[in-house]
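*Asks:* One structure, as structure tokens, below. Some questions next.
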Amino acid sequence: MKLKALIVDDEDPARDKLRSLLSSIPDVRIVGEAADGRAALELVEKCRPDILFLDIQIPNLNGMEVSRRLPRSAKVIFTTAHAQYAVDAFEAGSVDYLLKPWSRDRLLLAMDRLRQQWNQERSASFLKQSLPALPLEAVLEPASDSTREKLIFRSGERLSIEATANIMWVSAEGNYLSIRALTQRYFVRGTMERIRAELDPKLFVRVHRSSLINVNHVRTVSPSERGALEVLMDDGTQLKISRARVPALLAALRKLRIPVLGLPDTVICERSELTPDRRKS
């Protein structure tokens with residue numbers, strides 16, 4: 001079955017670019033294009049697309065307004081040149097947020113997330129029909145050791161259940177947390193201290209004031225050009241490590257024998273401090 005896609009952008013070159021990229025994806029069929037919000041909603045009513053590639057700054061209802069008026073069956077991948085709307089986009093339940101200029105690889109990743117989300121929703125729908133409903137408080141009751149094996153993320157009426165072992169890293173962005181799991185990224189309101197209380201401290205190490213990582217998903221740790229350390233996660237994300245938080249991270253990594261590039265093994269086994277900062281005074 002091919003996915004019906006609708007392209008919404010007020011710039012001709014942008015629509016041309018998306019049309020070209022999407023035409024190379026076998027299971028996607030473009031059913032329409034629109035240059036403004038009202039035309040987009042008319043096409044949604046007519047074509048019933050599965051996915052909208054939706055710019056935000058468009059005339060006659062912006063992209064956020066359009067997304068709020070869509071049927072629940074329609075998914076949105078925002079395609080925009082403006083990074084400042086990311087929080088609103090994820091709160092609105094978008095599948096992904098693509099910044100211009102787009103690449104084919106990044107678009108394919110967004111489509112993979114779309115397919116994974118659909119699979120999760122189908123599974124959740126099956127469970128909802130097959131199992132008796134449980135009070136939300138009962139589902140969220142903490143385990144006896146005060147950490148959880150699973151977390152529930154709510155977006156409107158949709159609940160996503162995620163094993164904490166699948167969470168790779170958490171980043172604090174203002175009053176929100178960006179939580180990256182194996183197949184999905186969650187954007188929720190909360191604090192770093194609140195999420196730390198839910199996670200196993202043996203696996204989750206805070207490497208920066210705004211970053212928390214699962215050591216089981218660390219690929220490498222390497223020194224940066226300025227003498228500090230950076231951690232590379234399984235999804236390719238690089239995160240900085242605060243100097244004061246190096247000992248705790250290296251102690252956890254030592255148990256897993258994670259390689260530290262450019263540093264001798266004895267650094268992990270015998271020392272917890274960094275090499276002197278090479279920045280010029």
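FYI, nothing fancy with the structure tokens labels: chains A, B, ... in order, residues from 1 per chain, ligands from 1 as they appear.
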As an NGL selection string, please: the residues near region 69-80 of chain A (cut-off 9 Å, only C-alpha atoms, same-chain neighbours under 6 positions excluded).
*Replies:* :A and (8-9 or 41 or 44 or 48-57 or 63 or 86 or 89 or 93-102 or 110-111 or 114)
*Asks:* Determine the nearest neighbour of Cys47 (chain A) from the options A:Ala81, A:Leu18, A:Ala252, A:Leu3, counting only C-alpha atoms.
*Replies:*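 Closest residue, counting only C-alpha atoms: A:Leu3.
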*Asks:* For Phe204 (chain A), please output as a list in words all residues within 7 Å (counting only C-alpha atoms; exclusion window: fewer than 6 positions along the same chain).
*Replies:*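 Neighbouring residues, sequence-local ones excluded: Leu212, Ile213, Asn214 and Val215 of chain A.
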*Asks:* Counting only C-alpha atoms, which residues of region 149-177 of chain A fall within 10 Å of region 226-250 of chain A, and what is the closest atom pair for each with its distance in Å at one decimal, ordered by chain and rising number, as CSV?
*Replies:*
residue,atom,partner,partner_atom,distance
A:Met168,CA,A:Met233,CA,7.3
A:Trp169,CA,A:Met233,CA,8.0
A:Ser171,CA,A:Leu239,CA,9.4
*Asks:* Ranking A:Ile161, A:Leu107, A:Val28, A:Ala35 by minimum distance to Asp10 (chain A) and counting only C-alpha atoms, which one comes first?
*Replies:*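 Looking at the shortest contact to Asp10 (chain A), the residue is A:Ala35.
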*Asks:* Just to confirm, what's the straight-line distance from CA of Gly190 (chain A) to CA of Val218 (chain A) in Å (one decimal)?
*Replies:*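 Computed distance, CA of Gly190 (chain A) to CA of Val218 (chain A), equals 23.9 Å.
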*Asks:* Between CA of Gly32 (chain A) and CA of Arg19 (chain A), what is the distance, to one decimal in Å?
*Replies:*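 Atom-to-atom, CA of Gly32 (chain A) and CA of Arg19 (chain A) are spaced 10.1 Å apart.
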*Asks:* Please report, as a ChimeraX atom specification, each residue of region 21-268 of chain A to which DSSP assigns strand (DSSP E or B) when run on this structure's backbone.
*Replies:* /A:28-34,51-54,75-80,96-99,150-155,158-163,167-173,176-181,185-189,204-208,211-214,218-223,229-233,238-241,260
*Asks:* Which value, in Å to one decimal, gives the distance between CA of Arg106 (chain A) and CA of Ser20 (chain A)?
*Replies:* 14.1 Å
*Asks:* Can you list, as a PyMOL selection string, every protein, DNA or RNA residue that comes within 7 Å of Gln184 (chain A) when you count only C-alpha atoms, leaving out same-chain residues fewer than 3 positions away?
*Replies:* chain A and resi 113+180-181
*Asks:* Which residues in region 49-215 of chain A does DSSP call helix (DSSP H, G or I)? List them as a PyMOL selection string.
*Replies:* chain A and resi 63-68+83-91+104-130+136-139+164-166+192-196+215
*Asks:* Would you kindly return, as a VMD selection string, each protein, DNA or RNA residue with an atom no farther than 8 Å from any atom of Arg148 (chain A), considering only C-alpha atoms and excluding same-chain residues fewer than 6 positions away?
*Replies:* chain A and resid 142 164 198 to 200
*Asks:* How would the residues just chosen look if you wrote them out with N, CA, C and O atoms as a PDB file, in the first residue's frame?
*Replies:*
ATOM      1  N   PRO A 142       5.038   3.731  40.659  1.00  0.00           N
ATOM      2  CA  PRO A 142       6.467   3.422  40.607  1.00  0.00           C
ATOM      3  C   PRO A 142       6.785   2.039  41.124  1.00  0.00           C
ATOM      4  O   PRO A 142       6.064   1.481  41.945  1.00  0.00           O
ATOM      5  N   THR A 164      12.436   1.962  29.415  1.00  0.00           N
ATOM      6  CA  THR A 164      13.507   2.888  29.742  1.00  0.00           C
ATOM      7  C   THR A 164      14.853   2.416  29.204  1.00  0.00           C
ATOM      8  O   THR A 164      15.731   3.225  28.930  1.00  0.00           O
ATOM      9  N   GLU A 198      13.121   8.878  37.714  1.00  0.00           N
ATOM     10  CA  GLU A 198      12.409   7.743  37.148  1.00  0.00           C
ATOM     11  C   GLU A 198      13.362   6.696  36.567  1.00  0.00           C
ATOM     12  O   GLU A 198      12.938   5.584  36.254  1.00  0.00           O
ATOM     13  N   LEU A 199      14.633   7.044  36.389  1.00  0.00           N
ATOM     14  CA  LEU A 199      15.556   6.188  35.640  1.00  0.00           C
ATOM     15  C   LEU A 199      16.619   5.571  36.543  1.00  0.00           C
ATOM     16  O   LEU A 199      16.999   6.141  37.570  1.00  0.00           O
ATOM     17  N   ASP A 200      17.108   4.422  36.133  1.00  0.00           N
ATOM     18  CA  ASP A 200      18.103   3.674  36.899  1.00  0.00           C
ATOM     19  C   ASP A 200      19.435   4.435  36.922  1.00  0.00           C
ATOM     20  O   ASP A 200      20.065   4.618  35.881  1.00  0.00           O
TER      21      ASP A 200
END
*Asks:* Restricting the calculation to only C-alpha atoms: of A:Leu108, A:Val188, A:Val221, A:Leu177, which residue gets closest to Glu91 (chain A)?
*Replies:*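 For Glu91 (chain A), the nearest of the candidates is A:Val188.
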*Asks:* Between A:Met192, A:Ala40, A:Ile152, A:Val170, which has the minimum distance to Ile58 (chain A) (counting only C-alpha atoms)?
*Replies:*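 Closest residue, counting only C-alpha atoms: A:Ala40.
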